[in-house]
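As stored in my_file37.pdb (PDB, C-alpha atoms):
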```pdb
ATOM      1  CA  ASN H   1     -61.075-154.361 -46.188
ATOM      2  CA  ALA H   2     -60.832-158.144 -46.346
ATOM      3  CA  GLY H   3     -63.376-158.597 -43.540
ATOM      4  CA  VAL H   4     -63.114-161.989 -41.848
ATOM      5  CA  THR H   5     -60.803-164.477 -43.529
ATOM      6  CA  GLN H   6     -60.021-168.101 -42.735
ATOM      7  CA  THR H   7     -56.997-170.221 -43.549
ATOM      8  CA  PRO H   8     -56.936-172.914 -44.918
ATOM      9  CA  LYS H   9     -60.076-173.342 -47.019
ATOM     10  CA  PHE H  10     -59.854-177.134 -47.039
ATOM     11  CA  ARG H  11     -57.740-179.694 -45.243
ATOM     12  CA  VAL H  12     -57.543-183.472 -44.958
ATOM     13  CA  LEU H  13     -56.058-184.929 -41.779
ATOM     14  CA  LYS H  14     -55.377-188.412 -40.548
ATOM     15  CA  THR H  15     -56.654-189.447 -37.130
ATOM     16  CA  GLY H  16     -54.257-188.246 -34.453
ATOM     17  CA  GLN H  17     -52.705-185.444 -36.467
ATOM     18  CA  SER H  18     -52.786-181.882 -35.236
ATOM     19  CA  MET H  19     -53.524-178.631 -37.006
ATOM     20  CA  THR H  20     -54.368-174.986 -36.434
ATOM     21  CA  LEU H  21     -57.079-173.024 -38.179
ATOM     22  CA  LEU H  22     -56.477-169.309 -38.497
ATOM     23  CA  CYS H  23     -59.120-166.618 -38.430
ATOM     24  CA  ALA H  24     -58.083-163.066 -39.207
ATOM     25  CA  GLN H  25     -60.180-159.900 -39.219
ATOM     26  CA  ASP H  26     -59.541-156.307 -40.108
ATOM     27  CA  MET H  27     -62.859-154.967 -38.822
ATOM     28  CA  ASN H  28     -61.650-154.174 -35.281
ATOM     29  CA  HIS H  29     -63.998-156.793 -33.808
ATOM     30  CA  GLU H  30     -63.771-157.199 -30.054
ATOM     31  CA  TYR H  31     -65.633-160.498 -30.006
ATOM     32  CA  MET H  32     -64.607-163.494 -32.072
ATOM     33  CA  TYR H  33     -66.201-166.919 -32.334
ATOM     34  CA  TRP H  34     -65.459-170.387 -33.684
ATOM     35  CA  TYR H  35     -68.417-172.516 -34.811
ATOM     36  CA  ARG H  36     -68.737-175.881 -36.428
ATOM     37  CA  GLN H  37     -71.536-176.733 -38.856
ATOM     38  CA  ASP H  38     -72.716-180.295 -39.305
ATOM     39  CA  PRO H  39     -75.640-181.571 -41.393
ATOM     40  CA  GLY H  40     -78.912-181.492 -39.478
ATOM     41  CA  MET H  41     -77.353-179.890 -36.401
ATOM     42  CA  GLY H  42     -77.000-176.224 -37.247
ATOM     43  CA  LEU H  43     -74.058-174.163 -36.130
ATOM     44  CA  ARG H  44     -72.642-174.922 -32.697
ATOM     45  CA  LEU H  45     -70.297-172.667 -30.778
ATOM     46  CA  ILE H  46     -66.903-174.198 -29.963
ATOM     47  CA  HIS H  47     -65.030-171.362 -28.252
ATOM     48  CA  TYR H  48     -65.199-167.610 -28.249
ATOM     49  CA  SER H  49     -63.219-164.554 -27.163
ATOM     50  CA  VAL H  50     -64.416-161.244 -25.745
ATOM     51  CA  GLY H  51     -61.129-159.470 -26.374
ATOM     52  CA  GLU H  52     -57.409-159.839 -26.898
ATOM     53  CA  GLY H  53     -55.928-162.359 -24.486
ATOM     54  CA  THR H  54     -59.294-163.840 -23.474
ATOM     55  CA  THR H  55     -60.997-167.097 -24.404
ATOM     56  CA  ALA H  56     -64.088-168.943 -23.187
ATOM     57  CA  LYS H  57     -65.730-172.304 -23.829
ATOM     58  CA  GLY H  58     -68.821-172.618 -25.934
ATOM     59  CA  GLU H  59     -71.239-175.457 -26.421
ATOM     60  CA  VAL H  60     -68.847-178.096 -27.829
ATOM     61  CA  PRO H  61     -65.286-177.262 -26.681
ATOM     62  CA  ASP H  62     -63.889-180.757 -26.133
ATOM     63  CA  GLY H  63     -60.959-181.638 -28.384
ATOM     64  CA  TYR H  64     -60.273-178.026 -29.334
ATOM     65  CA  ASN H  65     -58.112-175.238 -27.975
ATOM     66  CA  VAL H  66     -58.010-171.572 -28.915
ATOM     67  CA  SER H  67     -55.781-168.562 -28.524
ATOM     68  CA  ARG H  68     -56.227-164.836 -29.099
ATOM     69  CA  LEU H  69     -52.790-163.332 -28.678
ATOM     70  CA  LYS H  70     -53.588-160.482 -31.044
ATOM     71  CA  LYS H  71     -56.932-158.750 -31.453
ATOM     72  CA  GLN H  72     -56.981-159.435 -35.179
ATOM     73  CA  ASN H  73     -56.408-163.182 -34.966
ATOM     74  CA  PHE H  74     -58.272-166.075 -33.375
ATOM     75  CA  LEU H  75     -56.691-169.506 -33.696
ATOM     76  CA  LEU H  76     -58.460-172.846 -33.330
ATOM     77  CA  GLY H  77     -56.280-175.866 -32.610
ATOM     78  CA  LEU H  78     -56.941-179.561 -32.857
ATOM     79  CA  GLU H  79     -54.288-181.413 -30.863
ATOM     80  CA  SER H  80     -55.269-184.932 -31.933
ATOM     81  CA  ALA H  81     -57.833-184.980 -34.714
ATOM     82  CA  ALA H  82     -60.676-187.504 -34.640
ATOM     83  CA  PRO H  83     -63.151-188.458 -37.409
ATOM     84  CA  SER H  84     -65.915-186.838 -35.316
ATOM     85  CA  GLN H  85     -64.210-183.517 -35.942
ATOM     86  CA  THR H  86     -64.927-183.748 -39.665
ATOM     87  CA  SER H  87     -66.986-180.625 -40.219
ATOM     88  CA  VAL H  88     -67.102-177.156 -41.686
ATOM     89  CA  TYR H  89     -65.615-174.590 -39.324
ATOM     90  CA  PHE H  90     -66.692-170.968 -39.345
ATOM     91  CA  CYS H  91     -65.148-168.006 -37.638
ATOM     92  CA  ALA H  92     -67.167-164.897 -36.869
ATOM     93  CA  GLY H  93     -66.593-161.533 -35.263
ATOM     94  CA  ARG H  94     -68.578-158.640 -33.931
ATOM     95  CA  GLY H  95     -67.848-155.241 -32.508
ATOM     96  CA  TRP H  96     -68.236-153.940 -28.972
ATOM     97  CA  ARG H  97     -71.914-153.171 -28.325
ATOM     98  CA  LYS H  98     -72.731-154.413 -31.825
ATOM     99  CA  GLU H  99     -74.919-157.458 -32.290
ATOM    100  CA  THR H 100     -74.406-158.368 -35.938
ATOM    101  CA  GLN H 101     -71.867-161.146 -36.442
ATOM    102  CA  TYR H 102     -69.708-161.214 -39.561
ATOM    103  CA  PHE H 103     -68.693-164.645 -40.764
ATOM    104  CA  GLY H 104     -65.675-165.945 -42.619
ATOM    105  CA  PRO H 105     -66.020-168.236 -45.670
ATOM    106  CA  GLY H 106     -65.383-171.422 -43.698
ATOM    107  CA  THR H 107     -62.792-174.196 -43.528
ATOM    108  CA  ARG H 108     -63.761-177.684 -44.617
ATOM    109  CA  LEU H 109     -61.962-180.311 -42.554
ATOM    110  CA  LEU H 110     -61.976-184.019 -43.291
ATOM    111  CA  VAL H 111     -60.452-186.358 -40.739
ATOM    112  CA  LEU H 112     -59.793-189.863 -42.010
TER     113      LEU H 112
ATOM    114  CA  LYS Z 113     -83.127-176.314 -22.863
ATOM    115  CA  GLN Z 114     -82.994-173.279 -25.133
ATOM    116  CA  GLU Z 115     -83.582-174.392 -28.696
ATOM    117  CA  VAL Z 116     -84.363-172.860 -32.075
ATOM    118  CA  THR Z 117     -86.373-174.732 -34.684
ATOM    119  CA  GLN Z 118     -86.973-173.991 -38.347
ATOM    120  CA  ILE Z 119     -89.667-175.775 -40.324
ATOM    121  CA  PRO Z 120     -89.732-176.743 -43.124
ATOM    122  CA  ALA Z 121     -86.178-177.869 -43.780
ATOM    123  CA  ALA Z 122     -86.632-177.216 -47.496
ATOM    124  CA  LEU Z 123     -89.012-175.155 -49.605
ATOM    125  CA  SER Z 124     -89.436-174.746 -53.349
ATOM    126  CA  VAL Z 125     -91.499-171.899 -54.843
ATOM    127  CA  PRO Z 126     -92.025-170.406 -58.310
ATOM    128  CA  GLU Z 127     -90.432-167.072 -59.125
ATOM    129  CA  GLY Z 128     -92.482-164.060 -58.112
ATOM    130  CA  GLU Z 129     -94.228-165.714 -55.198
ATOM    131  CA  ASN Z 130     -94.312-164.091 -51.778
ATOM    132  CA  LEU Z 131     -93.163-166.492 -49.088
ATOM    133  CA  VAL Z 132     -92.743-166.852 -45.356
ATOM    134  CA  LEU Z 133     -90.007-168.708 -43.496
ATOM    135  CA  ASN Z 134     -90.637-169.730 -39.916
ATOM    136  CA  CYS Z 135     -88.493-169.799 -36.805
ATOM    137  CA  SER Z 136     -89.587-170.867 -33.327
ATOM    138  CA  PHE Z 137     -87.706-170.713 -30.043
ATOM    139  CA  THR Z 138     -88.332-172.341 -26.698
ATOM    140  CA  ASP Z 139     -87.661-169.452 -24.295
ATOM    141  CA  SER Z 140     -89.262-166.027 -24.623
ATOM    142  CA  ALA Z 141     -86.453-164.376 -22.651
ATOM    143  CA  ILE Z 142     -84.385-163.263 -25.599
ATOM    144  CA  TYR Z 143     -81.982-160.414 -26.217
ATOM    145  CA  ASN Z 144     -82.345-160.420 -29.996
ATOM    146  CA  LEU Z 145     -82.998-162.585 -33.021
ATOM    147  CA  GLN Z 146     -81.103-162.586 -36.303
ATOM    148  CA  TRP Z 147     -81.787-163.956 -39.755
ATOM    149  CA  PHE Z 148     -78.850-165.064 -41.873
ATOM    150  CA  ARG Z 149     -78.459-166.239 -45.445
ATOM    151  CA  GLN Z 150     -75.994-168.943 -46.437
ATOM    152  CA  ASP Z 151     -75.122-169.732 -50.036
ATOM    153  CA  PRO Z 152     -73.701-173.194 -50.851
ATOM    154  CA  GLY Z 153     -70.088-173.512 -49.748
ATOM    155  CA  LYS Z 154     -70.048-170.021 -48.301
ATOM    156  CA  GLY Z 155     -70.224-168.309 -44.944
ATOM    157  CA  LEU Z 156     -73.249-166.669 -43.366
ATOM    158  CA  THR Z 157     -74.435-163.196 -44.234
ATOM    159  CA  SER Z 158     -76.547-161.273 -41.743
ATOM    160  CA  LEU Z 159     -79.870-160.120 -43.237
ATOM    161  CA  LEU Z 160     -81.856-158.648 -40.377
ATOM    162  CA  LEU Z 161     -81.499-158.266 -36.619
ATOM    163  CA  ILE Z 162     -84.492-157.679 -34.363
ATOM    164  CA  GLN Z 163     -83.963-156.500 -30.803
ATOM    165  CA  SER Z 164     -86.271-157.954 -28.167
ATOM    166  CA  SER Z 165     -88.075-154.615 -27.854
ATOM    167  CA  GLN Z 166     -88.900-154.533 -31.586
ATOM    168  CA  ARG Z 167     -91.735-156.205 -33.468
ATOM    169  CA  GLU Z 168     -90.265-156.130 -36.959
ATOM    170  CA  GLN Z 169     -87.422-155.045 -39.191
ATOM    171  CA  THR Z 170     -87.412-154.417 -42.922
ATOM    172  CA  SER Z 171     -84.697-154.384 -45.548
ATOM    173  CA  GLY Z 172     -85.721-154.129 -49.171
ATOM    174  CA  ARG Z 173     -87.921-157.101 -50.040
ATOM    175  CA  LEU Z 174     -87.304-158.720 -46.664
ATOM    176  CA  ASN Z 175     -89.396-158.240 -43.548
ATOM    177  CA  ALA Z 176     -88.753-160.039 -40.285
ATOM    178  CA  SER Z 177     -91.248-160.117 -37.441
ATOM    179  CA  LEU Z 178     -90.851-161.134 -33.830
ATOM    180  CA  ASP Z 179     -93.461-162.377 -31.363
ATOM    181  CA  LYS Z 180     -91.669-163.191 -28.116
ATOM    182  CA  SER Z 181     -94.759-164.316 -26.259
ATOM    183  CA  SER Z 182     -95.424-167.078 -28.746
ATOM    184  CA  GLY Z 183     -91.734-167.789 -29.345
ATOM    185  CA  ARG Z 184     -91.919-167.171 -33.073
ATOM    186  CA  SER Z 185     -90.301-165.150 -35.810
ATOM    187  CA  THR Z 186     -91.065-165.050 -39.510
ATOM    188  CA  LEU Z 187     -89.023-163.880 -42.473
ATOM    189  CA  TYR Z 188     -91.197-162.608 -45.285
ATOM    190  CA  ILE Z 189     -89.675-162.432 -48.767
ATOM    191  CA  ALA Z 190     -91.655-160.469 -51.315
ATOM    192  CA  ALA Z 191     -91.629-161.174 -55.037
ATOM    193  CA  SER Z 192     -89.091-163.987 -54.793
ATOM    194  CA  GLN Z 193     -86.311-164.278 -57.374
ATOM    195  CA  PRO Z 194     -83.986-167.155 -58.352
ATOM    196  CA  GLY Z 195     -81.170-165.197 -56.688
ATOM    197  CA  ASP Z 196     -82.967-165.645 -53.361
ATOM    198  CA  SER Z 197     -82.208-169.377 -53.502
ATOM    199  CA  ALA Z 198     -80.094-170.145 -50.437
ATOM    200  CA  THR Z 199     -80.364-171.525 -46.919
ATOM    201  CA  TYR Z 200     -81.879-169.148 -44.399
ATOM    202  CA  LEU Z 201     -80.881-169.508 -40.759
ATOM    203  CA  CYS Z 202     -82.453-168.052 -37.684
ATOM    204  CA  ALA Z 203     -80.326-167.407 -34.587
ATOM    205  CA  VAL Z 204     -81.380-166.292 -31.126
ATOM    206  CA  ARG Z 205     -79.360-164.657 -28.386
ATOM    207  CA  PHE Z 206     -81.128-165.768 -25.232
ATOM    208  CA  THR Z 207     -81.030-163.607 -22.115
ATOM    209  CA  GLY Z 208     -78.636-165.221 -19.674
ATOM    210  CA  GLY Z 209     -76.970-167.105 -22.508
ATOM    211  CA  GLY Z 210     -73.999-164.777 -22.496
ATOM    212  CA  ASN Z 211     -72.543-163.979 -25.885
ATOM    213  CA  LYS Z 212     -73.800-167.152 -27.479
ATOM    214  CA  LEU Z 213     -76.125-167.373 -30.462
ATOM    215  CA  THR Z 214     -78.306-170.470 -30.732
ATOM    216  CA  PHE Z 215     -78.934-171.381 -34.363
ATOM    217  CA  GLY Z 216     -81.744-173.213 -36.055
ATOM    218  CA  THR Z 217     -80.887-175.811 -38.680
ATOM    219  CA  GLY Z 218     -82.132-173.603 -41.488
ATOM    220  CA  THR Z 219     -84.626-173.672 -44.332
ATOM    221  CA  GLN Z 220     -83.196-174.389 -47.781
ATOM    222  CA  LEU Z 221     -85.094-172.233 -50.265
ATOM    223  CA  LYS Z 222     -85.201-172.820 -54.001
ATOM    224  CA  VAL Z 223     -86.893-170.266 -56.221
ATOM    225  CA  GLU Z 224     -87.611-171.761 -59.614
ATOM    226  CA  LEU Z 225     -88.012-170.013 -62.952
TER     227      LEU Z 225
END
```

Would you encode the structure as structure tokens?
Amino acid sequence: NAGVTQTPKFRVLKTGQSMTLLCAQDMNHEYMYWYRQDPGMGLRLIHYSVGEGTTAKGEVPDGYNVSRLKKQNFLLGLESAAPSQTSVYFCAGRGWRKETQYFGPGTRLLVL
Amino acid sequence: KQEVTQIPAALSVPEGENLVLNCSFTDSAIYNLQWFRQDPGKGLTSLLLIQSSQREQTSGRLNASLDKSSGRSTLYIAASQPGDSATYLCAVRFTGGGNKLTFGTGTQLKVEL
């Protein structure tokens, strides 16, 4: 099993460009999460999903959109990237009635 | 506001020492508390999860305790090794917070030879 994987590992964008980050899991997780990690601020929840076809806003959703068309995949989109979105993005998943979250390796995004 | 705090931000100890990492949270109404480990440039790995009804959990050389009334948790690492060097994060699922985990900013641990 690959667990939770993220694509790409690193990306550089110019202000105003768009991109999609892909999170894939083969652990049959019902819940999936997108976090961003910034120095001195800990991990903050962007959006999450409680099942296929569902999404919900987290703590810092502005500037991001998500989709969960298939249970295995959770996509995070940036429609118009801003330098403030420079961060490390982590995806995580957990099973139904399970509390432990399993994290992907992260995507480093630099917006110039 | 529901917050999680970890002090100190960094800690350096000699190999073999027993050590304690601290986590405090502002609201005692919690569902559970988790400790994670993060190696540089990597994702988070779950170490221990304590349900609100539990006082402690143990895994190998790690022991995590929970005191809801005082809003504190500790992670005890016995006989530290250089391989324990990493950042340790505490995360709380507050009751009424839905599916959200609130993370502390972590303690960066360095175990020196």

Requested in this report: Apply the PyMOL selection byres ((chain Z) within 12 of (chain H)) to the structure shown and report the selected residues as JSON, numbers by chain.
Outcome: {"Z": [115, 116, 117, 118, 121, 122, 143, 144, 145, 146, 147, 148, 149, 150, 151, 152, 153, 154, 155, 156, 157, 158, 159, 160, 161, 162, 163, 199, 200, 201, 202, 203, 204, 205, 209, 210, 211, 212, 213, 214, 215, 216, 217, 218, 219, 220]}

Query - Residues matched by the PyMOL selection byres ((chain H and resi 109) around 9), written as a PyMOL selection string - result: chain H and resi 9-13+85-89+107-108+110-111

Query raised in the report: Quick one: which residues end up in the PyMOL selection byres ((chain Z and resi 125) around 9) for this structure, as a ChimeraX atom specification?
Result: /Z:123-124,126-131,192,221-224

Query raised in the report: Could you work out how far CA of Gly3 in chain H lies from CA of Ala56 in chain H, giving the answer in Å with one decimal?
Result: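 About the pair CA of Ala56 in chain H and CA of Gly3 in chain H: they are 22.8 Å apart.
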
Query raised in the report: Hey, which of Z:Gly195, Z:Asn134, Z:Gln114, Z:Leu187 ends up closest to Ser171 in chain Z? Count all atoms listed in the file.
Result: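 Smallest distance to Ser171 in chain Z is found for Z:Leu187.
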
Requested in this report: Rounded to one decimal place, report the CA of Lys180 in chain Z-CA of Tyr35 in chain H distance in Å.
Outcome: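 Answer for the CA of Lys180 in chain Z to CA of Tyr35 in chain H separation: 25.9 Å.
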
Report task. Counting all atoms listed in the file, figure out which residue out of H:Gly51, H:Thr7, H:Ile46, H:His29 gets nearest to Val66 in chain H. Result ->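 Of H:Gly51, H:Thr7, H:Ile46, H:His29, the one nearest Val66 in chain H is H:Ile46, counting all atoms listed in the file.
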
Report task. Could you tell me how far CA of Glu168 in chain Z lies from CA of Gly95 in chain H, in Å and to one decimal? Result ->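 Calculated distance between CA of Glu168 in chain Z and CA of Gly95 in chain H is 22.9 Å.
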